[in-house]
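Colleague: Here you go, structure_32.cif (mmCIF, C-alpha atoms):
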data_coords
loop_
_atom_site.label_atom_id
_atom_site.label_comp_id
_atom_site.auth_asym_id
_atom_site.auth_seq_id
_atom_site.Cartn_x
_atom_site.Cartn_y
_atom_site.Cartn_z
CA MET A 48 6.92 106.01 105.56
CA GLU A 49 9.94 107.85 106.90
CA PRO A 50 9.58 111.61 107.59
CA ASP A 51 11.69 112.63 104.58
CA GLU A 52 9.60 110.45 102.29
CA LEU A 53 6.38 111.85 103.74
CA LEU A 54 7.49 115.40 102.99
CA LYS A 55 8.29 114.43 99.41
CA VAL A 56 4.91 112.72 99.03
CA ARG A 57 3.13 115.75 100.51
CA ASP A 58 4.95 118.08 98.12
CA ARG A 59 3.98 115.85 95.19
CA TYR A 60 0.39 115.76 96.42
CA ASP A 61 0.27 119.56 96.67
CA ARG A 62 1.67 119.87 93.18
CA GLU A 63 -0.39 117.23 91.37
CA MET A 64 -3.69 117.33 93.23
CA ARG A 65 -3.86 121.00 94.16
CA ARG A 66 -1.57 123.46 92.37
CA ASP A 67 -1.67 121.64 89.00
CA ALA A 68 -5.06 120.03 89.59
CA LEU A 69 -7.25 118.83 86.76
CA PRO A 70 -11.03 119.38 86.84
CA ASP A 71 -12.97 116.66 88.65
CA ALA A 72 -15.35 116.39 85.66
CA ALA A 73 -15.33 117.39 82.00
CA GLU A 74 -17.91 120.11 82.64
CA ALA A 75 -15.72 121.82 85.28
CA ARG A 76 -12.85 124.26 84.80
CA VAL A 77 -9.72 124.69 86.90
CA GLU A 78 -7.72 127.91 86.61
CA ARG A 79 -4.86 129.59 88.41
CA VAL A 80 -5.55 133.24 89.15
CA GLY A 81 -2.59 134.88 90.83
CA ALA A 82 -1.90 133.03 94.05
CA VAL A 83 -5.05 130.88 93.96
CA VAL A 84 -6.12 127.75 92.06
CA ARG A 85 -9.89 127.34 91.89
CA GLN A 86 -12.46 125.12 90.25
CA THR A 87 -15.75 126.36 88.85
CA ALA A 88 -18.51 124.08 87.65
CA PRO A 89 -22.08 124.52 86.44
CA GLY A 90 -25.20 123.11 88.06
CA GLN A 91 -24.48 120.71 90.91
CA GLY A 92 -20.72 120.59 90.28
CA TRP A 93 -18.14 121.41 92.96
CA ASN A 94 -16.93 124.99 93.24
CA GLY A 95 -14.00 125.99 95.40
CA VAL A 96 -10.39 126.89 96.07
CA LEU A 97 -7.98 123.98 95.78
CA TRP A 98 -4.65 125.67 96.52
CA SER A 99 -3.28 129.03 97.53
CA ASP A 100 0.08 130.67 98.14
CA LEU A 101 -0.69 133.54 100.50
CA ASP A 102 0.89 135.48 103.34
CA GLU A 103 -0.25 137.84 106.08
CA GLU A 104 -0.32 140.79 103.69
CA THR A 105 -2.18 139.16 100.79
CA ALA A 106 -4.59 136.70 102.43
CA ASP A 107 -7.53 138.96 103.31
CA ALA A 108 -7.64 140.62 99.90
CA GLU A 109 -7.48 137.25 98.13
CA ILE A 110 -10.26 135.83 100.30
CA ALA A 111 -12.43 138.84 99.45
CA ALA A 112 -11.61 138.45 95.75
CA GLN A 113 -12.71 134.80 95.72
CA VAL A 114 -15.92 135.60 97.59
CA ALA A 115 -16.68 138.30 95.02
CA TYR A 116 -15.86 135.98 92.13
CA PHE A 117 -18.04 133.06 93.21
CA ALA A 118 -20.86 135.34 94.39
CA GLY A 119 -20.77 137.05 91.00
CA ARG A 120 -21.19 133.67 89.30
CA GLY A 121 -24.22 132.88 91.45
CA ALA A 122 -22.56 129.71 92.69
CA GLY A 123 -24.66 129.72 95.88
CA ASP A 124 -21.90 128.17 97.96
CA PHE A 125 -18.27 127.28 97.47
CA GLU A 126 -15.54 125.64 99.50
CA TRP A 127 -12.04 126.71 100.46
CA LYS A 128 -10.10 123.49 100.97
CA LEU A 129 -7.63 124.36 103.74
CA TYR A 130 -4.68 122.16 104.78
CA ASP A 131 -2.80 122.54 108.04
CA HIS A 132 0.46 123.37 106.26
CA ASP A 133 -1.08 126.17 104.17
CA ARG A 134 0.11 129.73 104.74
CA PRO A 135 -0.41 131.99 106.55
CA THR A 136 -0.80 129.95 109.71
CA ASP A 137 -3.96 131.88 110.69
CA LEU A 138 -5.69 131.39 107.32
CA GLY A 139 -8.52 129.48 108.98
CA ASP A 140 -9.18 132.38 111.34
CA ARG A 141 -9.22 134.77 108.39
CA LEU A 142 -11.69 132.59 106.52
CA ARG A 143 -14.01 132.47 109.53
CA ALA A 144 -13.78 136.25 109.88
CA ALA A 145 -14.84 136.55 106.24
CA GLY A 146 -17.95 134.46 106.84
CA PHE A 147 -16.78 130.94 105.99
CA VAL A 148 -18.06 128.09 108.14
CA PRO A 149 -15.65 125.22 108.90
CA GLU A 150 -16.89 121.67 108.51
CA PRO A 151 -15.41 118.81 110.57
CA ALA A 152 -11.68 118.32 110.12
CA GLU A 153 -10.49 115.28 108.18
CA THR A 154 -7.14 113.51 108.25
CA LEU A 155 -5.25 113.42 104.96
CA LEU A 156 -3.96 109.86 104.64
CA VAL A 157 -1.84 108.30 101.93
CA GLY A 158 -0.91 104.69 101.24
CA ARG A 159 1.34 102.87 98.78
CA VAL A 160 -0.67 101.14 96.07
CA ASP A 161 1.69 98.16 95.82
CA GLU A 162 1.24 97.36 99.51
CA LEU A 163 -2.52 97.93 99.58
CA ALA A 164 -3.08 95.87 96.44
CA ALA A 165 -1.58 92.91 98.31
CA LEU A 166 -4.31 92.94 100.96
CA PRO A 167 -6.62 89.89 101.04
CA VAL A 168 -9.64 90.34 98.76
CA ASP A 169 -11.74 87.32 99.64
CA PRO A 170 -15.27 88.65 100.29
CA PRO A 171 -16.88 87.93 103.67
CA GLU A 172 -19.45 85.15 103.57
CA GLY A 173 -22.58 86.19 101.71
CA ILE A 174 -21.00 89.27 100.09
CA THR A 175 -20.48 89.85 96.39
CA LEU A 176 -19.15 92.93 94.60
CA ARG A 177 -21.10 94.77 91.91
CA VAL A 178 -19.10 97.10 89.71
CA VAL A 179 -21.04 100.32 89.06
CA THR A 180 -21.38 101.18 85.38
CA ASP A 181 -24.83 102.73 85.06
CA GLU A 182 -27.54 104.76 86.78
CA ALA A 183 -28.98 101.72 88.53
CA GLY A 184 -25.63 101.07 90.18
CA VAL A 185 -25.29 104.72 91.17
CA ASP A 186 -28.71 104.58 92.81
CA LEU A 187 -27.57 101.56 94.83
CA MET A 188 -24.58 103.59 96.01
CA MET A 189 -26.79 106.52 96.98
CA ASP A 190 -29.07 104.19 98.93
CA VAL A 191 -26.08 102.93 100.94
CA HIS A 192 -24.72 106.43 101.57
CA ALA A 193 -28.10 107.73 102.74
CA LYS A 194 -28.41 104.89 105.26
CA ALA A 195 -24.74 104.86 106.33
CA PHE A 196 -24.20 108.62 106.63
CA GLY A 197 -27.76 109.79 107.22
CA THR A 198 -27.70 112.36 104.40
CA GLU A 199 -28.79 112.57 100.78
CA ARG A 200 -25.97 113.47 98.39
CA PRO A 201 -27.37 114.77 95.09
CA ARG A 202 -24.06 116.42 94.19
CA ILE A 203 -22.23 113.08 94.43
CA ARG A 204 -24.92 111.36 92.38
CA HIS A 205 -24.57 114.02 89.69
CA LEU A 206 -20.77 113.66 89.68
CA LEU A 207 -20.89 109.89 89.37
CA LEU A 208 -23.38 109.93 86.51
CA THR A 209 -21.36 112.60 84.71
CA LEU A 210 -18.09 110.68 85.06
CA LEU A 211 -19.61 107.36 84.00
CA GLU A 212 -21.06 108.98 80.90
CA GLU A 213 -18.24 111.31 79.87
CA GLU A 214 -15.02 110.01 81.49
CA PRO A 215 -15.58 106.39 82.59
CA GLU A 216 -11.83 105.77 82.70
CA THR A 217 -11.50 108.20 85.62
CA ILE A 218 -13.92 106.48 88.01
CA ALA A 219 -14.05 103.05 89.65
CA ALA A 220 -17.18 102.56 91.76
CA VAL A 221 -18.33 99.41 93.51
CA VAL A 222 -21.19 98.20 95.72
CA ALA A 223 -20.98 95.30 98.17
CA MET A 224 -24.16 93.26 97.96
CA ALA A 225 -25.69 90.84 100.46
CA GLY A 226 -28.01 89.05 98.08
CA ASP A 227 -30.11 91.81 96.55
CA THR A 228 -29.35 94.27 99.34
CA PRO A 229 -26.59 96.90 98.97
CA VAL A 230 -24.66 97.09 102.25
CA SER A 231 -21.52 99.08 101.41
CA ALA A 232 -20.33 101.31 98.59
CA ALA A 233 -17.22 103.23 97.59
CA ARG A 234 -15.53 104.88 94.64
CA MET A 235 -12.06 105.82 93.42
CA GLU A 236 -11.36 108.90 91.31
CA MET A 237 -8.34 108.89 89.00
CA ARG A 238 -7.20 111.91 87.02
CA PRO A 239 -5.02 111.35 83.93
CA GLY A 240 -1.28 111.45 84.59
CA SER A 241 -1.56 111.67 88.37
CA SER A 242 0.39 109.40 90.71
CA PHE A 243 -2.47 109.68 93.23
CA ALA A 244 -6.00 108.27 93.19
CA GLY A 245 -8.60 109.41 95.69
CA LEU A 246 -10.73 107.00 97.71
CA TRP A 247 -14.19 108.33 98.54
CA GLY A 248 -17.36 107.01 100.12
CA GLY A 249 -16.65 103.78 101.91
CA GLY A 250 -20.00 103.84 103.71
CA THR A 251 -21.21 100.58 105.26
CA LEU A 252 -24.58 99.94 106.88
CA PRO A 253 -24.19 99.78 110.67
CA GLU A 254 -25.30 96.17 110.98
CA TRP A 255 -22.65 95.07 108.45
CA ARG A 256 -19.67 96.84 109.98
CA GLY A 257 -16.77 94.96 111.51
CA ARG A 258 -16.89 92.12 108.97
CA GLY A 259 -14.05 93.15 106.66
CA ILE A 260 -16.17 94.74 103.92
CA TYR A 261 -14.44 98.13 104.20
CA ARG A 262 -11.02 96.46 103.82
CA LEU A 263 -12.34 94.49 100.85
CA LEU A 264 -13.38 97.67 99.05
CA VAL A 265 -10.01 99.32 99.74
CA ALA A 266 -8.15 96.29 98.37
CA HIS A 267 -10.45 96.07 95.35
CA ARG A 268 -9.75 99.67 94.38
CA ALA A 269 -6.03 99.35 95.14
CA ARG A 270 -5.74 96.53 92.63
CA ILE A 271 -7.39 98.66 89.97
CA ALA A 272 -4.97 101.48 90.79
CA ALA A 273 -2.03 99.08 90.51
CA GLU A 274 -3.18 98.02 87.04
CA ARG A 275 -3.23 101.71 86.04
CA GLY A 276 0.30 102.35 87.33
CA ILE A 277 -0.89 104.69 90.12
CA ARG A 278 1.57 104.94 93.02
CA HIS A 279 -0.49 106.22 95.97
CA LEU A 280 -4.03 106.17 97.29
CA GLN A 281 -5.26 109.24 99.16
CA VAL A 282 -8.15 109.57 101.61
CA ASP A 283 -9.69 112.50 103.46
CA ALA A 284 -10.53 110.33 106.43
CA SER A 285 -13.15 110.86 109.10
CA ASP A 286 -12.43 109.96 112.72
CA ASP A 287 -14.33 106.70 112.17
CA SER A 288 -12.39 105.53 109.12
CA ARG A 289 -8.93 106.86 110.07
CA PRO A 290 -7.95 104.07 112.51
CA ILE A 291 -9.12 101.39 110.08
CA LEU A 292 -7.10 102.87 107.24
CA GLU A 293 -4.03 103.28 109.44
CA ARG A 294 -4.23 99.59 110.35
CA LEU A 295 -4.31 98.79 106.62
CA GLY A 296 -1.09 100.75 106.06
CA PHE A 297 -2.10 104.34 105.39
CA THR A 298 0.03 107.16 106.84
CA ARG A 299 -0.99 110.64 107.95
CA LEU A 300 0.12 113.53 105.76
CA GLY A 301 -1.79 116.23 107.61
CA THR A 302 -5.23 117.61 108.34
CA THR A 303 -7.71 119.27 106.00
CA VAL A 304 -10.76 121.37 106.82
CA PRO A 305 -13.40 122.40 104.27
CA TYR A 306 -14.39 126.03 104.85
CA VAL A 307 -17.75 126.71 103.21
CA TRP A 308 -19.15 130.01 102.05
CA THR A 309 -22.94 129.91 101.73
CA GLY A 310 -23.57 133.53 100.85
CA THR A 311 -25.69 134.01 103.97
CA ALA A 312 -22.99 135.41 106.27
#
Have the structure of the file written as structure tokens, please.
Modeller:
Amino acid sequence: MEPDELLKVRDRYDREMRRDALPDAAEARVERVGAVVRQTAPGQGWNGVLWSDLDEETADAEIAAQVAYFAGRGAGDFEWKLYDHDRPTDLGDRLRAAGFVPEPAETLLVGRVDELAALPVDPPEGITLRVVTDEAGVDLMMDVHAKAFGTERPRIRHLLLTLLEEEPETIAAVVAMAGDTPVSAARMEMRPGSSFAGLWGGGTLPEWRGRGIYRLLVAHRARIAAERGIRHLQVDASDDSRPILERLGFTRLGTTVPYVWTGTA
């Protein structure tokens, strides 16, 4: 994409996915309070700040207000999703000073659905795709993620089960199977009316990497997005997945860092 187009896409992303964001599940609530858009959710749902419009004079007070709000709800922890073009330029430093802990930075990538849907989708030899529609499929995904990323993800399991039960049209999840063994898994989240869909997961067992499975799962989800009339796919990419996605046609929009408040600072 040309620089002017990238700026337009970034502005649209900020508007649709952040400032005017919809909840990521029916049980969650998104609200704009002054210069901040935040999501609150019960139980294992995601809590955090999605967007802000701050400056040097308002940032510290707004950070303190959000800490007080989420602490008052007993959320336990919440996330401030910071992007490198957010204002003020030292917002990350202010978050750290307030007790937030930054997690590893991710690259915000975006790709055109029409181009990605044209990628080859022939599975590597011995691989079949299983569409996830129930708890058994979700458990297969969690097994892959635990082995690929080395962590258990109960919050993601809860989200997937909730979406499949209450809003199945907003989720497309798939597992790559080698016989009866799950070897890779990924999902796509689609909010009504948005021109963006988010790609998440994409974990592949180490011994199955480098065989084209990751590309297969991207192409599979891109074709679903094309059928829904979605224009762009978005990824918060790790350093491992970024070069693969860029080779497939994704372009960098910026960098994002999750700043997490645990209540222990």
Colleague: Quick one: which residues end up in the PyMOL selection byres ((chain A and resi 284-298) around 7) for this structure, as a PyMOL selection string?
Modeller: chain A and resi 153-158+282-283+299-300
Colleague: Please produce an output containing C-alpha atoms for each residue in the selection, written as a PDB file, in the frame of the given file.
Modeller:
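What ended up in part14.pdb:
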ATOM      1  CA  GLU A 153     -10.490 115.280 108.180  1.00  0.00           C
ATOM      2  CA  THR A 154      -7.140 113.510 108.250  1.00  0.00           C
ATOM      3  CA  LEU A 155      -5.250 113.420 104.960  1.00  0.00           C
ATOM      4  CA  LEU A 156      -3.960 109.860 104.640  1.00  0.00           C
ATOM      5  CA  VAL A 157      -1.840 108.300 101.930  1.00  0.00           C
ATOM      6  CA  GLY A 158      -0.910 104.690 101.240  1.00  0.00           C
ATOM      7  CA  VAL A 282      -8.150 109.570 101.610  1.00  0.00           C
ATOM      8  CA  ASP A 283      -9.690 112.500 103.460  1.00  0.00           C
ATOM      9  CA  ARG A 299      -0.990 110.640 107.950  1.00  0.00           C
ATOM     10  CA  LEU A 300       0.120 113.530 105.760  1.00  0.00           C
TER      11      LEU A 300
END
Colleague: Here's the selection I'm unsure about, the PyMOL selection byres ((chain A and resi 73-84) around 6); applied to the file above, which residues does it give, as a list in words?
Modeller: Pro70, Ala72, Arg85, Gln86, Thr87, Ala88, Val96, Leu97, Trp98, Ser99 and Asp100 of chain A
Colleague: Could you check how far atom CA of A:Leu176 sits from atom CA of A:Gly276, in Å to one decimal?
Modeller: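 According to the coordinates, atom CA of A:Leu176 and atom CA of A:Gly276 are separated by 22.8 Å.
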Colleague: For the point (-16.7, 122.8, 101.8) in the file's frame, write as a list in words all residues with an atom no more than 7 Å away, counting all atoms listed in the file.
Modeller: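 Neighbouring residues, ordered by chain and number, come to Phe125, Glu126, Trp127, Lys128, Glu150, Pro305, Tyr306 and Val307 of chain A.
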Colleague: Out of A:Val148, A:Ala273, A:Met64, A:Met188, which residue has the shortest atom-to-atom distance to A:Trp247 when counting only C-alpha atoms?
Modeller: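 Answer, going by the shortest atom-to-atom distance: A:Met188.
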Colleague: Please write as number ranges by chain the full residue list that the PyMOL selection byres ((chain A and resi 251-268) around 8) yields on this file.
Modeller: A: 163-171, 191-192, 194-195, 219, 221, 223, 230-235, 246, 249-250, 269-272, 295
Colleague: Write out as a compact mmCIF listing (two decimals) with C-alpha atoms, in the frame of the given file each polymer residue whose atoms come within 9 Å of A:Arg278, counting all atoms listed in the file; drop sequence neighbours fewer than 5 positions from it.
Modeller:
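Just written: out-v2.txt:
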# COMPACT_ATOMS: atom_id res chain seq x y z
CA GLY A 158 -0.91 104.69 101.24
CA ARG A 159 1.34 102.87 98.78
CA VAL A 160 -0.67 101.14 96.07
CA ASP A 161 1.69 98.16 95.82
CA SER A 241 -1.56 111.67 88.37
CA SER A 242 0.39 109.40 90.71
CA PHE A 243 -2.47 109.68 93.23
CA ALA A 244 -6.00 108.27 93.19
CA ALA A 272 -4.97 101.48 90.79
CA ALA A 273 -2.03 99.08 90.51
Colleague: Could you please determine the separation between atom CA of A:Thr136 and atom CA of A:Asp71 in Å, to one decimal place?
Modeller: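 Atom-to-atom, atom CA of A:Thr136 and atom CA of A:Asp71 are spaced 27.7 Å apart.
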Colleague: Would you kindly return, as an mmCIF file with C-alpha atoms, keeping the file's coordinate frame, each protein, DNA or RNA residue with an atom no farther than 12 Å from any atom of A:Ala122, considering only C-alpha atoms and excluding same-chain residues fewer than 2 positions away?
Modeller:
data_model
loop_
_atom_site.group_PDB
_atom_site.id
_atom_site.type_symbol
_atom_site.label_atom_id
_atom_site.label_comp_id
_atom_site.auth_asym_id
_atom_site.auth_seq_id
_atom_site.Cartn_x
_atom_site.Cartn_y
_atom_site.Cartn_z
ATOM 1 C CA GLN A 86 -12.460 125.120 90.250
ATOM 2 C CA THR A 87 -15.750 126.360 88.850
ATOM 3 C CA ALA A 88 -18.510 124.080 87.650
ATOM 4 C CA PRO A 89 -22.080 124.520 86.440
ATOM 5 C CA GLY A 90 -25.200 123.110 88.060
ATOM 6 C CA GLN A 91 -24.480 120.710 90.910
ATOM 7 C CA GLY A 92 -20.720 120.590 90.280
ATOM 8 C CA TRP A 93 -18.140 121.410 92.960
ATOM 9 C CA ASN A 94 -16.930 124.990 93.240
ATOM 10 C CA GLY A 95 -14.000 125.990 95.400
ATOM 11 C CA GLN A 113 -12.710 134.800 95.720
ATOM 12 C CA VAL A 114 -15.920 135.600 97.590
ATOM 13 C CA ALA A 115 -16.680 138.300 95.020
ATOM 14 C CA TYR A 116 -15.860 135.980 92.130
ATOM 15 C CA PHE A 117 -18.040 133.060 93.210
ATOM 16 C CA ALA A 118 -20.860 135.340 94.390
ATOM 17 C CA GLY A 119 -20.770 137.050 91.000
ATOM 18 C CA ARG A 120 -21.190 133.670 89.300
ATOM 19 C CA ASP A 124 -21.900 128.170 97.960
ATOM 20 C CA PHE A 125 -18.270 127.280 97.470
ATOM 21 C CA GLU A 126 -15.540 125.640 99.500
ATOM 22 C CA VAL A 307 -17.750 126.710 103.210
ATOM 23 C CA TRP A 308 -19.150 130.010 102.050
ATOM 24 C CA THR A 309 -22.940 129.910 101.730
ATOM 25 C CA GLY A 310 -23.570 133.530 100.850
#
Colleague: Can you tell me how far atom CA of A:Glu52 sits from atom CA of A:Asp133, in Å to one decimal?
Modeller: 19.1 Å
Colleague: Nearest to A:Ala225: which of A:Met189, A:Leu208, A:Met237, A:Ile174 is it, counting all atoms listed in the file?
Modeller: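 Between A:Met189, A:Leu208, A:Met237, A:Ile174, the residue approaching A:Ala225 most closely is A:Ile174.
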